[in-house]
>>> print(open('target_10.cif').read())   # mmCIF, C-alpha atoms
data_start
loop_
_atom_site.group_PDB
_atom_site.id
_atom_site.type_symbol
_atom_site.label_atom_id
_atom_site.label_comp_id
_atom_site.auth_asym_id
_atom_site.auth_seq_id
_atom_site.Cartn_x
_atom_site.Cartn_y
_atom_site.Cartn_z
ATOM 1 C CA MET A 170 0.000 0.000 0.000
ATOM 2 C CA GLY A 171 1.395 3.438 -0.876
ATOM 3 C CA ARG A 172 2.320 6.007 1.759
ATOM 4 C CA ILE A 173 -0.455 8.363 0.694
ATOM 5 C CA MET A 174 -3.051 5.592 0.908
ATOM 6 C CA ALA A 175 -1.722 4.524 4.344
ATOM 7 C CA ALA A 176 -1.879 8.123 5.613
ATOM 8 C CA ALA A 177 -5.438 8.526 4.296
ATOM 9 C CA LEU A 178 -6.500 5.258 5.935
ATOM 10 C CA LEU A 179 -4.927 6.309 9.255
ATOM 11 C CA ALA A 180 -6.676 9.701 9.115
ATOM 12 C CA ALA A 181 -10.024 8.113 8.296
ATOM 13 C CA THR A 182 -9.818 5.653 11.192
ATOM 14 C CA SER A 183 -8.387 8.029 13.791
ATOM 15 C CA VAL A 184 -10.366 8.478 16.965
ATOM 16 C CA TYR A 185 -11.058 11.960 18.330
ATOM 17 C CA VAL A 186 -10.011 12.301 21.950
ATOM 18 C CA PRO A 187 -11.763 15.206 23.737
ATOM 19 C CA GLY A 188 -9.320 17.948 24.674
ATOM 20 C CA MET A 189 -6.569 16.863 22.335
ATOM 21 C CA LEU A 190 -7.658 19.463 19.808
ATOM 22 C CA PHE A 191 -6.792 22.165 22.326
ATOM 23 C CA GLY A 192 -3.496 20.710 23.510
ATOM 24 C CA ALA A 193 -4.775 19.550 26.891
ATOM 25 C CA PRO A 194 -2.229 18.516 29.519
ATOM 26 C CA GLU A 195 -1.077 14.905 29.340
ATOM 27 C CA LYS A 196 -1.292 14.334 33.108
ATOM 28 C CA ARG A 197 -4.628 15.507 34.437
ATOM 29 C CA ILE A 198 -4.921 16.057 38.173
ATOM 30 C CA ASP A 199 -8.024 14.725 39.937
ATOM 31 C CA LEU A 200 -8.184 16.743 43.154
ATOM 32 C CA ALA A 201 -10.526 14.276 44.891
ATOM 33 C CA ALA A 202 -7.863 11.599 44.382
ATOM 34 C CA VAL A 203 -5.022 13.854 45.587
ATOM 35 C CA ILE A 204 -6.660 15.401 48.664
ATOM 36 C CA SER A 205 -8.382 12.673 50.651
ATOM 37 C CA PRO A 206 -11.204 13.082 53.169
ATOM 38 C CA SER A 207 -8.647 12.551 55.943
ATOM 39 C CA ASP A 208 -6.481 15.357 54.478
ATOM 40 C CA ALA A 209 -9.549 17.592 54.437
ATOM 41 C CA ALA A 210 -10.546 16.634 57.989
ATOM 42 C CA SER A 211 -7.027 17.390 59.179
ATOM 43 C CA ALA A 212 -7.078 20.792 57.490
ATOM 44 C CA LEU A 213 -10.500 21.697 58.887
ATOM 45 C CA GLY A 214 -9.904 20.187 62.321
ATOM 46 C CA GLU A 215 -13.007 18.012 62.262
ATOM 47 C CA PRO A 216 -14.725 15.246 60.262
ATOM 48 C CA VAL A 217 -15.945 16.111 56.765
ATOM 49 C CA LYS A 218 -18.817 15.071 54.543
ATOM 50 C CA ASP A 219 -18.138 13.219 51.296
ATOM 51 C CA ALA A 220 -16.287 15.209 48.656
ATOM 52 C CA GLN A 221 -18.240 17.088 46.037
ATOM 53 C CA SER A 222 -16.034 16.880 42.967
ATOM 54 C CA ARG A 223 -16.128 17.361 39.243
ATOM 55 C CA ASN A 224 -13.573 17.166 36.456
ATOM 56 C CA SER A 225 -14.071 18.582 32.992
ATOM 57 C CA GLU A 226 -12.286 19.311 29.761
ATOM 58 C CA GLU A 227 -12.922 22.849 28.542
ATOM 59 C CA THR A 228 -11.610 24.782 25.542
ATOM 60 C CA ASP A 229 -9.130 26.670 27.750
ATOM 61 C CA GLY A 230 -7.873 23.596 29.616
ATOM 62 C CA TYR A 231 -8.688 20.826 32.040
ATOM 63 C CA TYR A 232 -10.456 21.621 35.321
ATOM 64 C CA SER A 233 -10.731 19.662 38.529
ATOM 65 C CA ARG A 234 -12.903 20.937 41.373
ATOM 66 C CA CYS A 235 -13.362 19.443 44.812
ATOM 67 C CA ASN A 236 -15.206 20.763 47.875
ATOM 68 C CA TYR A 237 -15.215 19.382 51.391
ATOM 69 C CA TYR A 238 -17.552 20.645 54.094
ATOM 70 C CA SER A 239 -17.350 19.922 57.808
ATOM 71 C CA GLN A 240 -20.043 17.695 59.266
ATOM 72 C CA ASN A 241 -20.851 20.517 61.653
ATOM 73 C CA PRO A 242 -21.723 23.641 59.639
ATOM 74 C CA GLY A 243 -19.169 26.401 59.399
ATOM 75 C CA LYS A 244 -15.972 25.054 57.844
ATOM 76 C CA SER A 245 -15.110 24.378 54.226
ATOM 77 C CA LEU A 246 -12.246 23.410 51.951
ATOM 78 C CA VAL A 247 -12.471 24.474 48.314
ATOM 79 C CA LEU A 248 -9.931 23.090 45.826
ATOM 80 C CA ARG A 249 -9.532 24.031 42.178
ATOM 81 C CA ILE A 250 -6.980 23.443 39.461
ATOM 82 C CA ARG A 251 -6.981 24.618 35.876
ATOM 83 C CA GLN A 252 -4.367 23.020 33.673
ATOM 84 C CA ALA A 253 -4.208 25.473 30.811
ATOM 85 C CA ALA A 254 -4.386 24.310 27.235
ATOM 86 C CA ALA A 255 -1.798 25.583 24.758
ATOM 87 C CA ALA A 256 -2.276 29.185 23.602
ATOM 88 C CA GLN A 257 -4.710 29.939 26.449
ATOM 89 C CA LEU A 258 -4.402 32.294 29.431
ATOM 90 C CA GLU A 259 -1.201 31.306 31.210
ATOM 91 C CA PRO A 260 -1.530 30.686 34.966
ATOM 92 C CA ARG A 261 1.065 33.347 35.909
ATOM 93 C CA LYS A 262 -0.844 35.907 33.842
ATOM 94 C CA GLN A 263 -4.129 34.727 35.379
ATOM 95 C CA LEU A 264 -2.694 35.314 38.868
ATOM 96 C CA GLU A 265 -1.335 38.740 37.876
ATOM 97 C CA GLU A 266 -4.754 39.763 36.539
ATOM 98 C CA LEU A 267 -6.482 38.475 39.680
ATOM 99 C CA SER A 268 -4.015 40.374 41.888
ATOM 100 C CA ALA A 269 -4.508 43.558 39.864
ATOM 101 C CA THR A 270 -8.278 43.461 40.365
ATOM 102 C CA ASN A 271 -8.004 42.798 44.086
ATOM 103 C CA GLY A 272 -5.586 45.056 45.940
ATOM 104 C CA LYS A 273 -5.917 43.039 49.170
ATOM 105 C CA MET A 274 -3.770 40.142 47.915
ATOM 106 C CA LYS A 275 -0.427 39.368 49.553
ATOM 107 C CA THR A 276 2.469 37.746 47.712
ATOM 108 C CA ILE A 277 3.489 34.365 49.129
ATOM 109 C CA ASN A 278 7.067 33.221 48.551
ATOM 110 C CA GLY A 279 8.362 29.678 48.168
ATOM 111 C CA LEU A 280 5.310 28.117 46.545
ATOM 112 C CA GLY A 281 5.106 27.388 42.825
ATOM 113 C CA GLU A 282 6.394 30.022 40.430
ATOM 114 C CA LYS A 283 4.108 32.673 41.866
ATOM 115 C CA ALA A 284 1.616 32.604 44.716
ATOM 116 C CA ALA A 285 -0.736 35.035 46.423
ATOM 117 C CA LEU A 286 -3.089 35.037 49.379
ATOM 118 C CA LEU A 287 -6.441 36.687 49.858
ATOM 119 C CA ASN A 288 -7.936 36.631 53.335
ATOM 120 C CA ASP A 289 -11.342 38.159 53.786
ATOM 121 C CA PRO A 290 -12.359 37.675 57.414
ATOM 122 C CA ALA A 291 -16.052 37.395 58.132
ATOM 123 C CA GLY A 292 -17.569 39.888 60.532
ATOM 124 C CA ASN A 293 -16.864 37.559 63.455
ATOM 125 C CA GLY A 294 -13.111 37.424 62.716
ATOM 126 C CA VAL A 295 -13.266 33.948 61.188
ATOM 127 C CA SER A 296 -10.900 33.536 58.251
ATOM 128 C CA ASN A 297 -12.001 32.952 54.664
ATOM 129 C CA LEU A 298 -8.604 32.380 53.123
ATOM 130 C CA MET A 299 -7.878 31.798 49.432
ATOM 131 C CA LEU A 300 -4.401 30.738 48.312
ATOM 132 C CA TYR A 301 -3.641 30.976 44.580
ATOM 133 C CA VAL A 302 -0.588 29.312 43.034
ATOM 134 C CA ALA A 303 0.726 29.350 39.477
ATOM 135 C CA LYS A 304 3.166 26.677 38.376
ATOM 136 C CA GLY A 305 3.835 25.738 34.766
ATOM 137 C CA ASN A 306 0.488 25.266 33.053
ATOM 138 C CA ALA A 307 -1.389 24.893 36.372
ATOM 139 C CA PHE A 308 -3.399 27.434 38.342
ATOM 140 C CA VAL A 309 -4.223 26.036 41.794
ATOM 141 C CA THR A 310 -6.693 27.452 44.301
ATOM 142 C CA VAL A 311 -6.955 26.293 47.912
ATOM 143 C CA GLY A 312 -9.675 27.942 49.963
ATOM 144 C CA LEU A 313 -10.233 27.410 53.666
ATOM 145 C CA GLY A 314 -13.281 28.840 55.374
ATOM 146 C CA GLY A 315 -14.152 28.924 59.035
ATOM 147 C CA ILE A 316 -10.677 28.773 60.585
ATOM 148 C CA ASP A 317 -10.186 31.675 62.983
ATOM 149 C CA ASP A 318 -6.366 31.897 62.887
ATOM 150 C CA GLU A 319 -4.950 33.219 59.594
ATOM 151 C CA LYS A 320 -1.445 31.840 60.226
ATOM 152 C CA VAL A 321 -2.795 28.366 60.935
ATOM 153 C CA ALA A 322 -5.107 28.509 57.914
ATOM 154 C CA LEU A 323 -2.240 29.661 55.671
ATOM 155 C CA GLU A 324 0.038 26.814 56.787
ATOM 156 C CA LYS A 325 -2.721 24.279 56.168
ATOM 157 C CA ALA A 326 -3.446 25.787 52.734
ATOM 158 C CA ARG A 327 0.287 25.722 51.866
ATOM 159 C CA ALA A 328 0.550 22.053 52.828
ATOM 160 C CA LEU A 329 -2.445 21.165 50.650
ATOM 161 C CA ALA A 330 -1.094 23.239 47.745
ATOM 162 C CA ARG A 331 2.290 21.489 48.020
ATOM 163 C CA LYS A 332 0.569 18.109 47.874
ATOM 164 C CA ILE A 333 -1.285 19.157 44.702
ATOM 165 C CA LEU A 334 1.815 20.711 43.092
ATOM 166 C CA ALA A 335 3.766 17.493 43.739
ATOM 167 C CA GLN A 336 1.424 15.773 41.260
ATOM 168 C CA LEU A 337 2.423 18.040 38.372
#
>>> encode(input="target_10.cif", output="structure tokens")
Amino acid sequence: MGRIMAAALLAATSVYVPGMLFGAPEKRIDLAAVISPSDAASALGEPVKDAQSRNSEETDGYYSRCNYYSQNPGKSLVLRIRQAAAAQLEPRKQLEELSATNGKMKTINGLGEKAALLNDPAGNGVSNLMLYVAKGNAFVTVGLGGIDDEKVALEKARALARKILAQL
């Protein structure tokens, strides 16, 4: 069989894989598999309900989302990762744009290529902390709600972010 005929046959029998058109990352992170219920319970300081998670392939990249809520109302762990597709908004740029629109963000050193923290305490002084990290094609968000000590919440968020970044 000629090379042209072989190439035509290969093209005609090729299978479309969702996301490949957009240059999706080869190794997709499933946050529910990376951060276990025991990790979440440790971070929140009490038992958690089952994870609420979802993974999806979008035109701008692959997304994994996972939420854990304490069994007693008041505490939450929100995890997100976007693994950017080629020629889409780069995670470092995404973090820069987010920081520019919110002047309350603090730079965090020693985590990923660039990291920032937003802490918006509720009226009762309880922390609602969001840690954003850019590394390579990944934009990671770790949110902790209901922890009253910002330093403790930040250390817990850093540990969770490190565990996620280790999967990249």
>>> closest_atom_pairs(input="target_10.cif", of="stretch 291-313 of chain A", to="stretch 234-247 of chain A", cutoff="6 Å", atoms="all atoms listed in the file", output="CSV")
residue,atom,partner,partner_atom,distance
A:Val311,CA,A:Val247,CA,5.8
A:Gly312,CA,A:Val247,CA,4.8
A:Leu313,CA,A:Leu246,CA,4.8
>>> atom_distance(input="target_10.cif", atom1="atom CA of A:Lys262", atom2="atom CA of A:Glu319")
26.2 Å
>>> residues_around(input="target_10.cif", residues="A:Leu267", least_positions_apart="6", cutoff="12 Å", atoms="all atoms listed in the file", output="ChimeraX atom specification")
/A:260-261,273-275,284-287,299-303,308,310
>>> atom_distance(input="target_10.cif", atom1="atom CA of A:Gln336", atom2="atom CA of A:Ile316")
26.2 Å
>>> closest_residue(input="target_10.cif", among="A:Leu323, A:Ala269, A:Ala220, A:Ala254", to="A:Asp208", atoms="only C-alpha atoms")
A:Ala220
>>> decode(input="target_10.cif", residues="stretch 200-238 of chain A", atoms="C-alpha atoms", output="PDB file, in the first residue's frame")
ATOM      1  CA  LEU A 200      -8.184  16.743  43.154  1.00  0.00           C
ATOM      2  CA  ALA A 201     -10.526  14.276  44.891  1.00  0.00           C
ATOM      3  CA  ALA A 202      -7.863  11.599  44.382  1.00  0.00           C
ATOM      4  CA  VAL A 203      -5.022  13.854  45.587  1.00  0.00           C
ATOM      5  CA  ILE A 204      -6.660  15.401  48.664  1.00  0.00           C
ATOM      6  CA  SER A 205      -8.382  12.673  50.651  1.00  0.00           C
ATOM      7  CA  PRO A 206     -11.204  13.082  53.169  1.00  0.00           C
ATOM      8  CA  SER A 207      -8.647  12.551  55.943  1.00  0.00           C
ATOM      9  CA  ASP A 208      -6.481  15.357  54.478  1.00  0.00           C
ATOM     10  CA  ALA A 209      -9.549  17.592  54.437  1.00  0.00           C
ATOM     11  CA  ALA A 210     -10.546  16.634  57.989  1.00  0.00           C
ATOM     12  CA  SER A 211      -7.027  17.390  59.179  1.00  0.00           C
ATOM     13  CA  ALA A 212      -7.078  20.792  57.490  1.00  0.00           C
ATOM     14  CA  LEU A 213     -10.500  21.697  58.887  1.00  0.00           C
ATOM     15  CA  GLY A 214      -9.904  20.187  62.321  1.00  0.00           C
ATOM     16  CA  GLU A 215     -13.007  18.012  62.262  1.00  0.00           C
ATOM     17  CA  PRO A 216     -14.725  15.246  60.262  1.00  0.00           C
ATOM     18  CA  VAL A 217     -15.945  16.111  56.765  1.00  0.00           C
ATOM     19  CA  LYS A 218     -18.817  15.071  54.543  1.00  0.00           C
ATOM     20  CA  ASP A 219     -18.138  13.219  51.296  1.00  0.00           C
ATOM     21  CA  ALA A 220     -16.287  15.209  48.656  1.00  0.00           C
ATOM     22  CA  GLN A 221     -18.240  17.088  46.037  1.00  0.00           C
ATOM     23  CA  SER A 222     -16.034  16.880  42.967  1.00  0.00           C
ATOM     24  CA  ARG A 223     -16.128  17.361  39.243  1.00  0.00           C
ATOM     25  CA  ASN A 224     -13.573  17.166  36.456  1.00  0.00           C
ATOM     26  CA  SER A 225     -14.071  18.582  32.992  1.00  0.00           C
ATOM     27  CA  GLU A 226     -12.286  19.311  29.761  1.00  0.00           C
ATOM     28  CA  GLU A 227     -12.922  22.849  28.542  1.00  0.00           C
ATOM     29  CA  THR A 228     -11.610  24.782  25.542  1.00  0.00           C
ATOM     30  CA  ASP A 229      -9.130  26.670  27.750  1.00  0.00           C
ATOM     31  CA  GLY A 230      -7.873  23.596  29.616  1.00  0.00           C
ATOM     32  CA  TYR A 231      -8.688  20.826  32.040  1.00  0.00           C
ATOM     33  CA  TYR A 232     -10.456  21.621  35.321  1.00  0.00           C
ATOM     34  CA  SER A 233     -10.731  19.662  38.529  1.00  0.00           C
ATOM     35  CA  ARG A 234     -12.903  20.937  41.373  1.00  0.00           C
ATOM     36  CA  CYS A 235     -13.362  19.443  44.812  1.00  0.00           C
ATOM     37  CA  ASN A 236     -15.206  20.763  47.875  1.00  0.00           C
ATOM     38  CA  TYR A 237     -15.215  19.382  51.391  1.00  0.00           C
ATOM     39  CA  TYR A 238     -17.552  20.645  54.094  1.00  0.00           C
TER      40      TYR A 238
END
